[in-house]
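Below is final_8.pdb, holding PDB, C-alpha atoms.
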```pdb
MODEL        1
ATOM      1  CA  MET A  41    -212.984 -54.484 -27.582
ATOM      2  CA  ALA A  42    -212.879 -57.080 -30.358
ATOM      3  CA  ASN A  43    -210.694 -60.136 -30.033
ATOM      4  CA  ASN A  44    -208.650 -60.396 -33.226
ATOM      5  CA  GLN A  45    -206.467 -63.269 -32.077
ATOM      6  CA  GLN A  46    -206.294 -66.095 -34.560
ATOM      7  CA  THR A  47    -207.040 -69.499 -33.156
ATOM      8  CA  GLY A  48    -205.240 -72.414 -34.709
ATOM      9  CA  PRO A  49    -202.208 -72.402 -36.992
ATOM     10  CA  ARG A  50    -201.243 -69.286 -38.919
ATOM     11  CA  ILE A  51    -201.520 -69.105 -42.699
ATOM     12  CA  GLY A  52    -198.258 -70.293 -44.247
ATOM     13  CA  ALA A  53    -197.241 -72.476 -41.299
ATOM     14  CA  VAL A  54    -196.106 -76.018 -41.944
ATOM     15  CA  VAL A  55    -198.064 -78.495 -39.832
ATOM     16  CA  LYS A  56    -198.508 -82.248 -39.560
ATOM     17  CA  ASP A  57    -201.884 -83.789 -40.285
ATOM     18  CA  THR A  58    -201.875 -86.552 -37.685
ATOM     19  CA  LYS A  59    -204.775 -88.383 -39.349
ATOM     20  CA  THR A  60    -202.879 -88.878 -42.637
ATOM     21  CA  ASP A  61    -199.309 -88.516 -41.294
ATOM     22  CA  HIS A  62    -198.600 -85.905 -44.006
ATOM     23  CA  PHE A  63    -197.069 -82.454 -43.706
ATOM     24  CA  GLY A  64    -198.734 -79.461 -45.316
ATOM     25  CA  VAL A  65    -198.766 -75.697 -45.552
ATOM     26  CA  VAL A  66    -201.790 -74.013 -43.983
ATOM     27  CA  MET A  67    -203.672 -72.196 -46.739
ATOM     28  CA  ALA A  68    -206.906 -71.202 -44.962
ATOM     29  CA  THR A  69    -209.408 -72.020 -42.269
ATOM     30  CA  ILE A  70    -212.902 -72.399 -43.681
ATOM     31  CA  GLY A  71    -215.926 -73.624 -41.785
ATOM     32  CA  GLY A  72    -213.787 -74.766 -38.883
ATOM     33  CA  ARG A  73    -211.605 -76.975 -41.081
ATOM     34  CA  ILE A  74    -207.971 -76.341 -41.983
ATOM     35  CA  GLN A  75    -207.060 -76.334 -45.672
ATOM     36  CA  LEU A  76    -203.581 -77.737 -46.333
ATOM     37  CA  ARG A  77    -201.410 -77.959 -49.431
ATOM     38  CA  PRO A  78    -198.375 -80.223 -49.866
ATOM     39  CA  ILE A  79    -195.111 -78.352 -49.332
ATOM     40  CA  GLY A  80    -193.867 -79.018 -52.850
ATOM     41  CA  GLY A  81    -197.247 -78.216 -54.414
ATOM     42  CA  GLY A  82    -200.035 -80.502 -55.452
ATOM     43  CA  LEU A  83    -203.634 -81.173 -54.507
ATOM     44  CA  SER A  84    -204.826 -79.588 -51.291
ATOM     45  CA  TRP A  85    -206.821 -81.361 -48.595
ATOM     46  CA  GLU A  86    -208.826 -80.482 -45.524
ATOM     47  CA  ALA A  87    -208.117 -81.499 -41.957
ATOM     48  CA  GLU A  88    -209.898 -81.187 -38.640
ATOM     49  CA  PRO A  89    -208.253 -78.721 -36.232
ATOM     50  CA  ASP A  90    -207.842 -81.431 -33.594
ATOM     51  CA  GLY A  91    -205.833 -83.496 -36.107
ATOM     52  CA  ILE A  92    -203.238 -80.776 -36.709
ATOM     53  CA  GLU A  93    -199.889 -80.764 -34.936
ATOM     54  CA  ALA A  94    -197.815 -77.582 -34.893
ATOM     55  CA  LEU A  95    -194.113 -77.981 -35.655
ATOM     56  CA  SER A  96    -191.176 -76.341 -33.952
ATOM     57  CA  SER A  97    -189.049 -74.027 -36.096
ATOM     58  CA  ARG A  98    -186.428 -76.752 -36.358
ATOM     59  CA  GLN A  99    -188.985 -79.381 -37.429
ATOM     60  CA  GLU A 100    -190.458 -77.000 -40.012
ATOM     61  CA  LEU A 101    -187.014 -76.285 -41.460
ATOM     62  CA  THR A 102    -186.262 -80.024 -41.666
ATOM     63  CA  VAL A 103    -189.559 -80.751 -43.465
ATOM     64  CA  ARG A 104    -189.107 -77.860 -45.919
ATOM     65  CA  LEU A 105    -185.521 -78.949 -46.674
ATOM     66  CA  ALA A 106    -186.624 -82.555 -47.267
ATOM     67  CA  ALA A 107    -189.277 -81.303 -49.722
ATOM     68  CA  LEU A 108    -186.692 -79.206 -51.597
ATOM     69  CA  ASN A 109    -184.289 -82.142 -51.783
ATOM     70  CA  ALA A 110    -187.029 -84.440 -53.089
ATOM     71  CA  GLU A 111    -187.959 -81.856 -55.715
ATOM     72  CA  SER A 112    -184.347 -81.481 -56.883
ATOM     73  CA  ARG A 113    -184.008 -85.283 -57.250
ATOM     74  CA  ARG A 114    -187.159 -85.376 -59.417
ATOM     75  CA  GLU A 115    -185.749 -82.667 -61.698
ATOM     76  CA  ALA A 116    -182.360 -84.354 -62.128
TER      77      ALA A 116
ENDMDL
END
```
If you convert what's in this file into structure tokens, what do you get?
Amino acid sequence: MANNQQTGPRIGAVVKDTKTDHFGVVMATIGGRIQLRPIGGGLSWEAEPDGIEALSSRQELTVRLAALNAESRREA
């Protein structure tokens, strides 16, 4: 039987890159590296799996809300 379990964060999850201290949305895992994109959009970056910290649902909600608030201030 094949093992279809995904290792690492799921696509679309918000995680913290502990090496850069930035939060990002997981876009893909390619060649063992995690591809992240800023929550509000922008240039993506790659991170090592051991430098990724999963967030709790509450932490993810807080980070997403902060990004939305920052975006609304830029548009005002």
Legend entry - Interatomic distance (Å, one decimal) between CA of Val65 in chain A and CA of Ser112 in chain A: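 Computing it gives 19.2 Å between the two atoms.
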Legend entry - Given the PyMOL selection byres ((chain A and resi 96-103) around 9), the residues it picks as a PyMOL selection string: chain A and resi 53-55+63+79+94-95+104-108
Inset, instruction - Kindly indicate which residue among A:Gly71, A:Ala87, A:Ala110, A:Leu76 lies nearest to Ile51 in chain A, using all atoms listed in the file for the distances. - result: A:Leu76
Inset, instruction - Report as a PyMOL selection string the full result of the PyMOL selection byres ((chain A and resi 74) around 7) when it is applied to this structure. - result: chain A and resi 66+68-70+72-73+75-76+86-89
I need the output of the PyMOL selection byres ((chain A and resi 57) around 7) for this file as a PDB file with C-alpha atoms, in the frame of the given file; which residues are they?
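Contents of part-v6.pdb, as written:
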```pdb
ATOM      1  CA  VAL A  55    -198.064 -78.495 -39.832  1.00  0.00           C
ATOM      2  CA  LYS A  56    -198.508 -82.248 -39.560  1.00  0.00           C
ATOM      3  CA  THR A  58    -201.875 -86.552 -37.685  1.00  0.00           C
ATOM      4  CA  LYS A  59    -204.775 -88.383 -39.349  1.00  0.00           C
ATOM      5  CA  THR A  60    -202.879 -88.878 -42.637  1.00  0.00           C
ATOM      6  CA  ASP A  61    -199.309 -88.516 -41.294  1.00  0.00           C
ATOM      7  CA  HIS A  62    -198.600 -85.905 -44.006  1.00  0.00           C
ATOM      8  CA  PHE A  63    -197.069 -82.454 -43.706  1.00  0.00           C
ATOM      9  CA  ALA A  87    -208.117 -81.499 -41.957  1.00  0.00           C
ATOM     10  CA  GLY A  91    -205.833 -83.496 -36.107  1.00  0.00           C
ATOM     11  CA  ILE A  92    -203.238 -80.776 -36.709  1.00  0.00           C
ATOM     12  CA  GLU A  93    -199.889 -80.764 -34.936  1.00  0.00           C
TER      13      GLU A  93
END
```
Inset, instruction - For CA of Trp85 in chain A and CA of Asn109 in chain A, determine how far apart the two atoms are, in Å to one decimal place. - result: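 Rounded to one decimal, the two atoms are 22.8 Å apart.
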Just need the box for range 72-89 of chain A, edges along x, y and z, holding every atom the file lists for it with 5 Å tacked onto each side, so centre and edge lengths in Å to one decimal, as JSON.
```
{"center_x": -203.8, "center_y": -78.1, "center_z": -45.8, "size_x": 29.9, "size_y": 16.7, "size_z": 29.2}
```
Inset, instruction - Kindly indicate which residue among A:Gly80, A:Met67, A:Glu111, A:Asp90 lies nearest to Arg50 in chain A, using all atoms listed in the file for the distances. - result: A:Met67
